[in-house]
>>> print(open('query.txt').read())   # compact mmCIF, C-alpha atoms
# COMPACT_ATOMS: atom_id res chain seq x y z
CA MET C 1 27.97 -15.79 47.01
CA ALA C 2 28.77 -19.02 45.19
CA SER C 3 32.42 -19.81 44.63
CA HIS C 4 31.90 -22.13 41.64
CA THR C 5 31.58 -21.01 38.04
CA PRO C 6 27.85 -20.39 37.62
CA ASN C 7 25.80 -22.20 34.99
CA LEU C 8 24.21 -19.42 32.93
CA GLU C 9 22.32 -21.72 30.55
CA CYS C 10 18.67 -22.45 31.27
CA ARG C 11 15.34 -22.73 29.51
CA MET C 12 12.92 -19.83 29.87
CA TYR C 13 9.93 -21.84 31.11
CA GLU C 14 9.38 -24.42 33.82
CA ALA C 15 8.38 -27.15 31.36
CA LYS C 16 11.41 -28.80 29.79
CA TYR C 17 9.59 -29.41 26.50
CA PRO C 18 6.89 -27.48 24.64
CA GLU C 19 3.38 -28.83 24.27
CA VAL C 20 2.04 -30.27 21.01
CA ASP C 21 0.18 -27.67 18.87
CA MET C 22 2.13 -24.87 20.54
CA ALA C 23 3.94 -22.23 18.45
CA VAL C 24 7.59 -21.86 19.45
CA MET C 25 10.44 -19.62 18.33
CA ILE C 26 13.29 -21.41 16.56
CA GLN C 27 16.59 -20.63 14.88
CA VAL C 28 17.68 -22.67 11.87
CA ASN C 29 21.02 -24.40 12.46
CA ASN C 30 21.59 -26.42 9.29
CA ILE C 31 19.75 -27.95 6.36
CA ALA C 32 20.12 -31.71 5.76
CA ASP C 33 18.75 -34.19 3.18
CA MET C 34 15.40 -34.69 4.94
CA GLY C 35 14.80 -31.28 6.46
CA ALA C 36 16.17 -28.53 8.65
CA TYR C 37 17.65 -28.91 12.12
CA VAL C 38 16.74 -26.04 14.43
CA SER C 39 17.21 -24.83 18.01
CA LEU C 40 14.21 -24.04 20.21
CA LEU C 41 15.28 -20.68 21.61
CA GLU C 42 12.86 -20.66 24.55
CA TYR C 43 13.88 -24.16 25.67
CA ASN C 44 17.65 -23.72 26.10
CA ASN C 45 18.30 -24.42 22.41
CA ILE C 46 17.22 -28.07 22.46
CA GLU C 47 17.15 -29.48 18.93
CA GLY C 48 14.12 -29.97 16.74
CA MET C 49 13.54 -30.82 13.09
CA ILE C 50 11.35 -29.47 10.32
CA LEU C 51 10.82 -31.97 7.51
CA PHE C 52 10.76 -30.48 4.03
CA SER C 53 7.15 -31.65 3.70
CA GLU C 54 6.29 -29.33 6.60
CA LEU C 55 7.81 -26.19 5.10
CA SER C 56 4.93 -25.07 2.91
CA ARG C 57 1.40 -25.97 1.84
CA ARG C 58 2.40 -25.24 -1.73
CA ARG C 59 4.72 -27.17 -4.00
CA ILE C 60 8.31 -26.43 -3.01
CA ARG C 61 10.41 -25.14 -5.89
CA SER C 62 13.28 -23.79 -3.83
CA VAL C 63 14.03 -24.82 -0.25
CA SER C 64 16.37 -21.86 0.19
CA SER C 65 13.51 -19.44 -0.45
CA LEU C 66 11.52 -20.96 2.44
CA ILE C 67 14.17 -21.54 5.07
CA LYS C 68 17.67 -20.18 5.65
CA VAL C 69 20.39 -20.99 8.17
CA GLY C 70 20.38 -18.42 10.97
CA ARG C 71 16.79 -17.32 10.45
CA ILE C 72 14.62 -16.92 13.56
CA GLU C 73 10.89 -17.56 13.21
CA PRO C 74 7.85 -19.22 14.85
CA VAL C 75 6.87 -22.78 13.98
CA MET C 76 4.27 -25.27 15.24
CA VAL C 77 5.10 -28.28 17.45
CA LEU C 78 3.83 -31.53 15.88
CA ARG C 79 5.32 -34.25 18.08
CA VAL C 80 7.43 -34.42 21.23
CA ASP C 81 9.24 -37.61 22.26
CA LYS C 82 10.50 -36.71 25.73
CA ASP C 83 12.30 -40.06 26.17
CA LYS C 84 14.35 -39.76 23.00
CA GLY C 85 14.38 -35.97 22.92
CA TYR C 86 12.88 -35.77 19.43
CA ILE C 87 10.79 -32.74 18.52
CA ASP C 88 9.08 -32.53 15.14
CA LEU C 89 8.05 -29.09 13.96
CA SER C 90 6.06 -27.55 11.14
CA LYS C 91 6.35 -24.21 9.40
CA ARG C 92 3.35 -24.67 7.11
CA ARG C 93 0.85 -25.29 9.92
CA VAL C 94 1.51 -22.15 11.94
CA SER C 95 -1.17 -19.49 11.41
CA GLU C 96 -0.79 -15.70 11.38
CA GLU C 97 -2.46 -15.56 14.79
CA ASP C 98 -0.02 -18.17 16.12
CA ILE C 99 2.92 -16.21 14.71
CA GLN C 100 1.79 -12.97 16.32
CA ALA C 101 1.15 -14.58 19.72
CA CYS C 102 4.47 -16.46 19.63
CA GLU C 103 6.49 -13.37 18.72
CA GLU C 104 4.83 -11.34 21.48
CA ARG C 105 5.47 -14.05 24.09
CA TYR C 106 9.05 -14.61 22.93
CA ASN C 107 9.94 -10.91 23.05
CA LYS C 108 8.68 -10.70 26.63
CA SER C 109 10.41 -13.94 27.62
CA LYS C 110 13.68 -12.83 26.01
CA LEU C 111 13.70 -9.61 28.07
CA VAL C 112 12.93 -11.50 31.29
CA HIS C 113 15.67 -14.02 30.45
CA SER C 114 18.20 -11.27 29.75
CA ILE C 115 17.52 -9.64 33.12
CA MET C 116 17.66 -12.95 35.00
CA ARG C 117 20.88 -13.97 33.27
CA HIS C 118 22.53 -10.64 34.06
CA VAL C 119 21.66 -10.98 37.75
CA ALA C 120 22.95 -14.57 37.83
CA GLU C 121 26.19 -13.58 36.11
CA THR C 122 26.71 -10.54 38.34
CA LEU C 123 26.15 -12.47 41.57
CA GLN C 124 27.84 -15.67 40.37
CA ILE C 125 24.86 -17.96 40.92
CA ASP C 126 23.25 -20.58 38.69
CA LEU C 127 20.61 -19.20 36.36
CA GLU C 128 18.33 -22.20 36.87
CA GLU C 129 18.41 -21.58 40.62
CA LEU C 130 17.12 -18.06 39.99
CA TYR C 131 14.36 -19.39 37.77
CA ILE C 132 13.34 -22.01 40.34
CA ASN C 133 13.12 -19.46 43.17
CA ILE C 134 11.93 -16.38 41.25
CA GLY C 135 11.17 -16.72 37.54
CA TRP C 136 8.93 -19.76 37.35
CA PRO C 137 6.86 -18.90 40.46
CA LEU C 138 6.18 -15.50 38.85
CA TYR C 139 5.17 -17.22 35.59
CA ARG C 140 2.73 -19.36 37.56
CA LYS C 141 1.19 -16.47 39.47
CA TYR C 142 1.09 -13.77 36.79
CA GLY C 143 0.80 -15.81 33.60
CA HIS C 144 4.12 -14.39 32.44
CA ALA C 145 7.05 -13.11 34.51
CA PHE C 146 7.12 -10.02 32.28
CA GLU C 147 3.81 -8.87 33.84
CA ALA C 148 5.32 -9.29 37.31
CA PHE C 149 8.46 -7.40 36.29
CA LYS C 150 6.31 -4.47 35.13
CA LEU C 151 4.77 -4.28 38.61
CA ILE C 152 8.20 -4.54 40.26
CA VAL C 153 9.25 -1.26 38.60
CA ALA C 154 6.83 0.65 40.85
CA ASP C 155 6.22 -1.66 43.82
CA PRO C 156 8.76 -4.50 44.15
CA ASP C 157 7.79 -5.60 47.68
CA SER C 158 4.21 -6.45 46.70
CA VAL C 159 5.51 -8.88 44.06
CA LEU C 160 8.69 -10.30 45.56
CA ASP C 161 7.90 -10.64 49.26
CA PHE C 162 5.49 -13.54 48.71
CA LEU C 163 8.25 -15.69 47.15
CA THR C 164 9.56 -18.36 49.49
CA ARG C 165 11.67 -21.50 49.31
CA GLU C 166 12.15 -24.54 51.51
CA VAL C 167 15.47 -25.32 53.17
CA LYS C 168 16.38 -28.38 55.20
CA GLU C 169 18.20 -27.95 58.52
CA ILE C 170 19.21 -30.17 61.39
CA GLY C 171 17.09 -29.37 64.44
CA PRO C 172 18.17 -29.37 68.13
CA ASP C 173 17.18 -33.02 68.41
CA GLY C 174 19.41 -33.98 65.50
CA GLN C 175 16.48 -34.54 63.16
CA GLU C 176 16.24 -32.91 59.75
CA VAL C 177 13.53 -30.27 59.56
CA THR C 178 12.19 -28.23 56.67
CA LYS C 179 11.93 -24.48 57.06
CA VAL C 180 10.25 -21.94 54.79
CA VAL C 181 12.43 -18.89 54.18
CA PRO C 182 12.30 -15.92 51.77
CA ALA C 183 13.29 -16.98 48.25
CA LEU C 184 15.52 -13.93 47.76
CA THR C 185 18.42 -12.66 49.78
CA GLU C 186 18.64 -8.88 50.04
CA GLU C 187 21.58 -8.96 47.63
CA ILE C 188 19.63 -10.83 44.96
CA LYS C 189 16.53 -8.71 45.53
CA ASP C 190 18.45 -5.44 45.15
CA ALA C 191 20.25 -6.65 42.01
CA LEU C 192 17.00 -7.86 40.45
CA ILE C 193 15.09 -4.64 41.17
CA LYS C 194 17.96 -2.52 39.86
CA ASN C 195 18.13 -4.47 36.60
CA ILE C 196 14.37 -4.52 36.09
CA ARG C 197 14.09 -0.77 36.62
CA ARG C 198 17.00 -0.10 34.29
CA ARG C 199 15.60 -2.26 31.50
CA MET C 200 11.85 -1.78 31.90
CA THR C 201 11.28 1.82 32.98
CA PRO C 202 9.50 3.41 29.98
CA GLN C 203 11.68 5.77 27.99
CA PRO C 204 10.10 8.90 26.50
CA LEU C 205 9.56 8.93 22.74
CA LYS C 206 10.58 11.92 20.67
CA ILE C 207 7.87 13.11 18.28
CA ARG C 208 8.80 15.46 15.44
CA ALA C 209 7.10 17.36 12.62
CA ASP C 210 8.73 19.38 9.83
CA ILE C 211 7.06 22.49 8.44
CA GLU C 212 7.77 25.37 6.09
CA MET C 213 6.56 28.79 7.23
CA LYS C 214 6.73 32.12 5.39
CA CYS C 215 5.27 35.57 5.90
CA PHE C 216 6.05 38.53 3.58
CA GLN C 217 3.70 41.01 5.23
CA PHE C 218 4.62 44.07 7.28
CA ASP C 219 6.35 42.95 10.48
CA GLY C 220 6.55 39.43 9.06
CA VAL C 221 9.40 38.54 11.39
CA LEU C 222 7.26 39.33 14.41
CA HIS C 223 4.30 37.40 13.00
CA ILE C 224 6.44 34.29 12.54
CA LYS C 225 7.77 34.58 16.07
CA GLU C 226 4.23 34.93 17.42
CA ALA C 227 3.14 31.87 15.43
CA MET C 228 6.05 29.97 16.98
CA ARG C 229 4.92 31.05 20.44
CA ARG C 230 1.39 29.88 19.67
CA ALA C 231 2.77 26.49 18.62
CA GLU C 232 4.75 26.10 21.84
CA ALA C 233 1.74 27.21 23.90
CA ALA C 234 -0.18 24.18 22.52
CA GLY C 235 2.07 21.90 24.58
CA ASN C 236 1.49 20.82 28.16
CA THR C 237 3.46 19.51 31.11
CA ASP C 238 3.48 15.94 29.79
CA CYS C 239 4.17 16.99 26.19
CA PRO C 240 6.07 20.30 26.02
CA VAL C 241 6.37 21.60 22.46
CA LYS C 242 9.51 23.20 21.06
CA ILE C 243 9.92 24.77 17.62
CA LYS C 244 13.19 25.83 16.04
CA LEU C 245 14.56 27.01 12.73
CA VAL C 246 16.53 24.59 10.56
CA ALA C 247 17.07 26.89 7.57
CA PRO C 248 14.64 29.40 6.03
CA PRO C 249 11.82 28.55 5.65
CA LEU C 250 12.12 25.11 7.30
CA TYR C 251 11.25 24.63 10.99
CA VAL C 252 10.92 21.54 13.19
CA LEU C 253 8.47 20.99 16.03
CA THR C 254 9.35 18.43 18.69
CA THR C 255 7.98 16.97 21.90
CA GLN C 256 8.86 14.09 24.22
CA THR C 257 6.27 11.82 25.78
CA LEU C 258 5.63 8.30 27.07
CA ASP C 259 2.40 8.18 25.06
CA LYS C 260 3.02 8.17 21.31
CA GLU C 261 -0.59 8.94 20.37
CA GLN C 262 -0.74 11.84 22.81
CA GLY C 263 2.52 13.26 21.44
CA ILE C 264 1.30 13.11 17.85
CA SER C 265 -2.00 14.74 18.86
CA VAL C 266 -0.25 17.58 20.74
CA LEU C 267 2.08 18.33 17.81
CA SER C 268 -0.88 18.26 15.41
CA ASN C 269 -2.65 20.84 17.61
CA ALA C 270 0.53 22.92 17.71
CA ILE C 271 0.71 22.95 13.91
CA THR C 272 -2.96 23.98 13.75
CA ALA C 273 -2.38 26.87 16.20
CA CYS C 274 0.74 27.94 14.30
CA THR C 275 -1.11 27.80 10.96
CA GLU C 276 -4.03 29.86 12.22
CA GLU C 277 -1.73 32.57 13.56
CA ILE C 278 0.48 32.90 10.49
CA GLU C 279 -2.45 32.82 8.06
CA ARG C 280 -4.16 35.54 10.09
CA HIS C 281 -1.31 37.81 8.97
CA GLY C 282 -1.23 36.68 5.35
CA GLY C 283 1.54 34.10 5.82
CA LYS C 284 1.61 30.47 4.79
CA LEU C 285 2.48 27.18 6.52
CA VAL C 286 3.07 23.88 4.72
CA VAL C 287 3.52 20.57 6.56
CA LYS C 288 6.51 18.81 5.00
CA GLU C 289 6.57 15.84 7.42
CA ALA C 290 3.58 15.05 9.64
CA PRO C 291 4.14 14.34 13.37
CA ARG C 292 5.82 10.95 13.87
CA ALA C 293 8.10 9.18 16.32
CA VAL C 294 11.79 9.60 15.50
CA SER C 295 14.91 7.74 16.58
CA GLU C 296 18.23 8.96 17.90
CA ARG C 297 19.60 8.41 14.40
CA ASP C 298 16.99 10.80 12.97
CA ASP C 299 17.98 13.38 15.57
CA LYS C 300 21.64 12.98 14.72
CA LEU C 301 20.95 13.38 10.99
CA LEU C 302 19.03 16.60 11.69
CA ALA C 303 21.80 17.93 13.92
CA ASP C 304 24.42 17.10 11.28
CA HIS C 305 22.31 18.84 8.62
CA MET C 306 21.95 21.97 10.75
CA ALA C 307 25.69 21.97 11.48
CA LYS C 308 26.48 21.84 7.75
CA LEU C 309 24.08 24.69 7.09
CA ARG C 310 25.77 26.77 9.79
CA GLU C 311 29.20 26.05 8.32
CA ALA C 312 28.00 26.95 4.83
CA ASN C 313 26.49 30.16 6.16
CA GLU C 314 29.75 31.13 7.87
CA GLU C 315 31.67 30.65 4.63
CA ILE C 316 29.43 33.09 2.73
CA SER C 317 30.58 36.68 3.12
CA GLY C 318 27.70 39.03 3.84
CA ASP C 319 26.48 41.89 5.96
CA GLU C 320 24.34 41.98 9.09
CA GLU C 321 21.22 41.84 6.94
CA SER C 322 21.95 38.37 5.58
CA GLU C 323 22.64 37.07 9.09
CA GLU C 324 19.31 38.42 10.25
CA GLU C 325 17.58 36.58 7.41
CA GLU C 326 19.11 33.31 8.59
CA ASP C 327 17.95 33.89 12.15
CA THR C 328 14.36 34.79 11.32
CA GLY C 329 13.63 32.46 8.42
CA MET C 330 12.06 35.32 6.48
CA GLY C 331 13.46 34.61 3.03
CA ASP C 332 14.22 37.76 1.01
CA ILE C 333 13.12 40.22 3.67
CA ASP C 334 14.98 43.40 4.51
CA VAL C 335 14.48 43.24 8.25
CA ASP C 336 15.68 46.79 8.78
CA ASN C 337 12.83 47.94 6.51
CA ALA C 338 10.35 45.25 7.35
CA GLY C 339 7.45 47.04 5.70
CA THR C 340 8.93 46.51 2.24
CA MET C 341 8.57 43.16 0.50
CA VAL C 342 11.35 42.12 -1.83
CA ASP C 343 10.21 40.06 -4.77
>>> encode(input="query.txt", output="structure tokens")
Amino acid sequence: MASHTPNLECRMYEAKYPEVDMAVMIQVNNIADMGAYVSLLEYNNIEGMILFSELSRRRIRSVSSLIKVGRIEPVMVLRVDKDKGYIDLSKRRVSEEDIQACEERYNKSKLVHSIMRHVAETLQIDLEELYINIGWPLYRKYGHAFEAFKLIVADPDSVLDFLTREVKEIGPDGQEVTKVVPALTEEIKDALIKNIRRRMTPQPLKIRADIEMKCFQFDGVLHIKEAMRRAEAAGNTDCPVKIKLVAPPLYVLTTQTLDKEQGISVLSNAITACTEEIERHGGKLVVKEAPRAVSERDDKLLADHMAKLREANEEISGDEESEEEEDTGMGDIDVDNAGTMVD
């Protein structure tokens, strides 16, 4: 392990400068009299400039509406003077296709860079050294290191074991010889694999749908419970379906899956099965929110809402009958005399 303070600054790609007519991701640093000075985020924040004439194809009425300090966006490379370090950029010449391709590449590169930087910082080695031995060879072989990292999640040896580096040693005869050795030590390899798996292993999405379900027929409570069972039976091993009561007559259906489209399809089928069963007994189901992917924040909001409902329910004095209504979601049903509908 290196004893010096590691250099954790490095460009993302092997080339020190971008090519002309290439879209690159920049961050605006400041706005001067002639244009805006920016940092090229993929090239270790080297400076570039966007002249005001290259901001828009239309007449500029307000510079501040077109470019703001701190904003991150793709622009087109017009000129690169490698000797002087000048890079001229254009915002008006970048197309929608260029923007989409640049954003996709940058997001992948940013994740690769984050993983590489974390390994370098943890093991106290220079980031550029890691890129020379690992990152840039993977870019060359796989087109983008991100594609190699995806393969490393499942089979690291097939990707990493081909990486080598040359070292110079003094031979028995006193002459300097070049030897080819593995590019990664076991320590670096283990740290890299651990970080890649932690950051790139797919996380299951939570899919949720909100429905209202009522049934005022004889044994309505049982019919609702059977409809709930039918909904859960529509799930499978990859996408198990759960349905629970929020507050009468609102229910939520949820599933977790790695495949968003599959999750939405399974919940849609569950709603169909639930609808068919409840309507068979004269009940009604209304979809309040169609199946969609939800975040942890959405889950927390739902949990908070349910907690408030429980607290409100505990504050209301009532008999066993009112508690049963809350549990079954049956509205104004007298569960003890389930054959009688209360208007």
>>> residues_around(input="query.txt", residues="region 48-58 of chain C", least_positions_apart="6", cutoff="7 Å", atoms="only C-alpha atoms", output="count of residues only")
15
>>> closest_residue(input="query.txt", among="C:Ala233, C:Ala23, C:Met116, C:Ile31", to="Asp98 (chain C)", atoms="all atoms listed in the file")
C:Ala23
>>> residues_around(input="query.txt", residues="Ile132 (chain C)", least_positions_apart="5", cutoff="12 Å", atoms="only C-alpha atoms", output="ChimeraX atom specification")
/C:10-15,116,126-127,137-140,163-166,183-184
>>> closest_residue(input="query.txt", among="C:Ala145, C:Ala191, C:Leu302, C:Ile134", to="Val246 (chain C)", atoms="all atoms listed in the file")
C:Leu302
>>> axis_aligned_box(input="query.txt", around="region 89-101 of chain C", padding_each_side="6 Å", output="JSON")
{"center_x": 2.8, "center_y": -21.0, "center_z": 13.4, "size_x": 22.5, "size_y": 28.1, "size_z": 24.6}
>>> closest_residue(input="query.txt", among="C:His118, C:Ile46, C:Gly135, C:Asp210", to="Asn195 (chain C)", atoms="all atoms listed in the file")
C:His118
>>> atom_distance(input="query.txt", atom1="CA of Glu19 (chain C)", atom2="CA of Gly70 (chain C)")
24.0 Å
>>> decode(input="query.txt", residues="region 106-225 of chain C", atoms="C-alpha atoms", output="PDB file, in the first residue's frame")
ATOM      1  CA  TYR C 106     -21.768  10.576 -18.809  1.00  0.00           C
ATOM      2  CA  ASN C 107     -24.055   8.793 -16.342  1.00  0.00           C
ATOM      3  CA  LYS C 108     -22.235   5.520 -16.992  1.00  0.00           C
ATOM      4  CA  SER C 109     -18.813   7.173 -16.802  1.00  0.00           C
ATOM      5  CA  LYS C 110     -19.729   8.976 -13.579  1.00  0.00           C
ATOM      6  CA  LEU C 111     -20.663   5.682 -11.898  1.00  0.00           C
ATOM      7  CA  VAL C 112     -17.451   4.002 -13.081  1.00  0.00           C
ATOM      8  CA  HIS C 113     -15.450   7.015 -11.875  1.00  0.00           C
ATOM      9  CA  SER C 114     -17.132   6.966  -8.473  1.00  0.00           C
ATOM     10  CA  ILE C 115     -16.299   3.286  -7.984  1.00  0.00           C
ATOM     11  CA  MET C 116     -12.700   3.727  -9.145  1.00  0.00           C
ATOM     12  CA  ARG C 117     -12.191   6.775  -6.936  1.00  0.00           C
ATOM     13  CA  HIS C 118     -13.569   4.971  -3.886  1.00  0.00           C
ATOM     14  CA  VAL C 119     -11.182   2.052  -4.425  1.00  0.00           C
ATOM     15  CA  ALA C 120      -8.224   4.417  -4.884  1.00  0.00           C
ATOM     16  CA  GLU C 121      -9.134   6.367  -1.752  1.00  0.00           C
ATOM     17  CA  THR C 122      -9.695   3.219   0.322  1.00  0.00           C
ATOM     18  CA  LEU C 123      -6.388   1.626  -0.696  1.00  0.00           C
ATOM     19  CA  GLN C 124      -4.426   4.899  -0.768  1.00  0.00           C
ATOM     20  CA  ILE C 125      -3.288   4.633  -4.385  1.00  0.00           C
ATOM     21  CA  ASP C 126      -3.333   7.161  -7.226  1.00  0.00           C
ATOM     22  CA  LEU C 127      -6.559   7.196  -9.192  1.00  0.00           C
ATOM     23  CA  GLU C 128      -4.747   7.605 -12.510  1.00  0.00           C
ATOM     24  CA  GLU C 129      -2.736   4.470 -11.764  1.00  0.00           C
ATOM     25  CA  LEU C 130      -5.993   2.551 -11.392  1.00  0.00           C
ATOM     26  CA  TYR C 131      -7.267   3.939 -14.673  1.00  0.00           C
ATOM     27  CA  ILE C 132      -4.031   3.056 -16.486  1.00  0.00           C
ATOM     28  CA  ASN C 133      -4.072  -0.544 -15.228  1.00  0.00           C
ATOM     29  CA  ILE C 134      -7.825  -1.218 -15.104  1.00  0.00           C
ATOM     30  CA  GLY C 135     -10.207   1.489 -16.320  1.00  0.00           C
ATOM     31  CA  TRP C 136      -8.801   2.466 -19.696  1.00  0.00           C
ATOM     32  CA  PRO C 137      -7.979  -1.099 -20.819  1.00  0.00           C
ATOM     33  CA  LEU C 138     -11.622  -1.990 -20.060  1.00  0.00           C
ATOM     34  CA  TYR C 139     -12.801   1.028 -22.079  1.00  0.00           C
ATOM     35  CA  ARG C 140     -10.695  -0.184 -24.997  1.00  0.00           C
ATOM     36  CA  LYS C 141     -11.931  -3.763 -24.860  1.00  0.00           C
ATOM     37  CA  TYR C 142     -15.611  -3.250 -24.019  1.00  0.00           C
ATOM     38  CA  GLY C 143     -16.314   0.162 -25.529  1.00  0.00           C
ATOM     39  CA  HIS C 144     -17.139   1.475 -22.067  1.00  0.00           C
ATOM     40  CA  ALA C 145     -15.882   0.299 -18.676  1.00  0.00           C
ATOM     41  CA  PHE C 146     -19.493   0.320 -17.469  1.00  0.00           C
ATOM     42  CA  GLU C 147     -20.228  -2.698 -19.714  1.00  0.00           C
ATOM     43  CA  ALA C 148     -17.251  -4.536 -18.204  1.00  0.00           C
ATOM     44  CA  PHE C 149     -18.371  -3.648 -14.676  1.00  0.00           C
ATOM     45  CA  LYS C 150     -21.802  -5.157 -15.385  1.00  0.00           C
ATOM     46  CA  LEU C 151     -20.113  -8.446 -16.300  1.00  0.00           C
ATOM     47  CA  ILE C 152     -17.898  -8.289 -13.197  1.00  0.00           C
ATOM     48  CA  VAL C 153     -20.997  -8.437 -10.969  1.00  0.00           C
ATOM     49  CA  ALA C 154     -21.570 -12.071 -12.013  1.00  0.00           C
ATOM     50  CA  ASP C 155     -18.177 -13.272 -13.282  1.00  0.00           C
ATOM     51  CA  PRO C 156     -15.244 -11.044 -12.264  1.00  0.00           C
ATOM     52  CA  ASP C 157     -12.448 -13.452 -13.245  1.00  0.00           C
ATOM     53  CA  SER C 158     -13.489 -13.570 -16.907  1.00  0.00           C
ATOM     54  CA  VAL C 159     -13.112  -9.777 -17.128  1.00  0.00           C
ATOM     55  CA  LEU C 160     -10.241  -8.964 -14.786  1.00  0.00           C
ATOM     56  CA  ASP C 161      -7.829 -11.859 -15.246  1.00  0.00           C
ATOM     57  CA  PHE C 162      -6.808 -10.742 -18.744  1.00  0.00           C
ATOM     58  CA  LEU C 163      -5.524  -7.389 -17.432  1.00  0.00           C
ATOM     59  CA  THR C 164      -1.749  -7.216 -17.222  1.00  0.00           C
ATOM     60  CA  ARG C 165       0.947  -4.597 -16.784  1.00  0.00           C
ATOM     61  CA  GLU C 166       4.662  -4.421 -17.482  1.00  0.00           C
ATOM     62  CA  VAL C 167       7.222  -4.026 -14.719  1.00  0.00           C
ATOM     63  CA  LYS C 168      10.956  -3.559 -15.065  1.00  0.00           C
ATOM     64  CA  GLU C 169      13.320  -5.628 -12.912  1.00  0.00           C
ATOM     65  CA  ILE C 170      17.035  -6.213 -12.707  1.00  0.00           C
ATOM     66  CA  GLY C 171      17.849  -9.723 -13.903  1.00  0.00           C
ATOM     67  CA  PRO C 172      20.543 -12.115 -12.554  1.00  0.00           C
ATOM     68  CA  ASP C 173      23.033 -10.696 -15.046  1.00  0.00           C
ATOM     69  CA  GLY C 174      22.453  -7.160 -13.802  1.00  0.00           C
ATOM     70  CA  GLN C 175      20.513  -6.167 -16.904  1.00  0.00           C
ATOM     71  CA  GLU C 176      17.074  -4.568 -16.744  1.00  0.00           C
ATOM     72  CA  VAL C 177      14.319  -6.864 -17.986  1.00  0.00           C
ATOM     73  CA  THR C 178      10.624  -6.286 -18.565  1.00  0.00           C
ATOM     74  CA  LYS C 179       8.151  -8.718 -17.061  1.00  0.00           C
ATOM     75  CA  VAL C 180       4.413  -9.004 -17.651  1.00  0.00           C
ATOM     76  CA  VAL C 181       2.470  -9.413 -14.410  1.00  0.00           C
ATOM     77  CA  PRO C 182      -1.226  -9.264 -13.445  1.00  0.00           C
ATOM     78  CA  ALA C 183      -2.484  -5.666 -13.421  1.00  0.00           C
ATOM     79  CA  LEU C 184      -4.331  -6.137 -10.131  1.00  0.00           C
ATOM     80  CA  THR C 185      -3.111  -7.294  -6.769  1.00  0.00           C
ATOM     81  CA  GLU C 186      -5.550  -9.474  -4.846  1.00  0.00           C
ATOM     82  CA  GLU C 187      -6.227  -6.530  -2.530  1.00  0.00           C
ATOM     83  CA  ILE C 188      -7.184  -4.212  -5.390  1.00  0.00           C
ATOM     84  CA  LYS C 189      -9.187  -6.941  -7.120  1.00  0.00           C
ATOM     85  CA  ASP C 190     -11.209  -7.728  -3.986  1.00  0.00           C
ATOM     86  CA  ALA C 191     -11.884  -4.044  -3.273  1.00  0.00           C
ATOM     87  CA  LEU C 192     -12.947  -3.394  -6.862  1.00  0.00           C
ATOM     88  CA  ILE C 193     -15.299  -6.395  -7.035  1.00  0.00           C
ATOM     89  CA  LYS C 194     -16.838  -5.508  -3.672  1.00  0.00           C
ATOM     90  CA  ASN C 195     -17.530  -1.924  -4.745  1.00  0.00           C
ATOM     91  CA  ILE C 196     -18.879  -2.892  -8.160  1.00  0.00           C
ATOM     92  CA  ARG C 197     -21.268  -5.436  -6.664  1.00  0.00           C
ATOM     93  CA  ARG C 198     -22.437  -2.982  -4.031  1.00  0.00           C
ATOM     94  CA  ARG C 199     -23.108  -0.213  -6.542  1.00  0.00           C
ATOM     95  CA  MET C 200     -24.245  -2.158  -9.608  1.00  0.00           C
ATOM     96  CA  THR C 201     -26.247  -5.140  -8.380  1.00  0.00           C
ATOM     97  CA  PRO C 202     -29.814  -4.398  -9.565  1.00  0.00           C
ATOM     98  CA  GLN C 203     -32.169  -3.381  -6.781  1.00  0.00           C
ATOM     99  CA  PRO C 204     -35.793  -4.544  -6.935  1.00  0.00           C
ATOM    100  CA  LEU C 205     -38.401  -1.927  -7.792  1.00  0.00           C
ATOM    101  CA  LYS C 206     -41.571  -1.621  -5.771  1.00  0.00           C
ATOM    102  CA  ILE C 207     -44.722  -1.458  -7.888  1.00  0.00           C
ATOM    103  CA  ARG C 208     -47.968  -0.254  -6.313  1.00  0.00           C
ATOM    104  CA  ALA C 209     -51.618   0.208  -7.265  1.00  0.00           C
ATOM    105  CA  ASP C 210     -54.401   1.812  -5.211  1.00  0.00           C
ATOM    106  CA  ILE C 211     -57.973   0.545  -5.440  1.00  0.00           C
ATOM    107  CA  GLU C 212     -61.334   1.012  -3.763  1.00  0.00           C
ATOM    108  CA  MET C 213     -63.353  -2.154  -3.180  1.00  0.00           C
ATOM    109  CA  LYS C 214     -66.857  -2.521  -1.722  1.00  0.00           C
ATOM    110  CA  CYS C 215     -69.379  -5.327  -1.417  1.00  0.00           C
ATOM    111  CA  PHE C 216     -72.751  -4.899   0.358  1.00  0.00           C
ATOM    112  CA  GLN C 217     -74.103  -8.352  -0.432  1.00  0.00           C
ATOM    113  CA  PHE C 218     -74.679 -11.234   1.973  1.00  0.00           C
ATOM    114  CA  ASP C 219     -71.322 -12.403   3.345  1.00  0.00           C
ATOM    115  CA  GLY C 220     -69.700  -9.338   1.788  1.00  0.00           C
ATOM    116  CA  VAL C 221     -66.757  -9.564   4.161  1.00  0.00           C
ATOM    117  CA  LEU C 222     -65.962 -13.058   2.945  1.00  0.00           C
ATOM    118  CA  HIS C 223     -66.342 -12.029  -0.694  1.00  0.00           C
ATOM    119  CA  ILE C 224     -63.835  -9.198  -0.247  1.00  0.00           C
ATOM    120  CA  LYS C 225     -61.379 -11.533   1.440  1.00  0.00           C
TER     121      LYS C 225
END
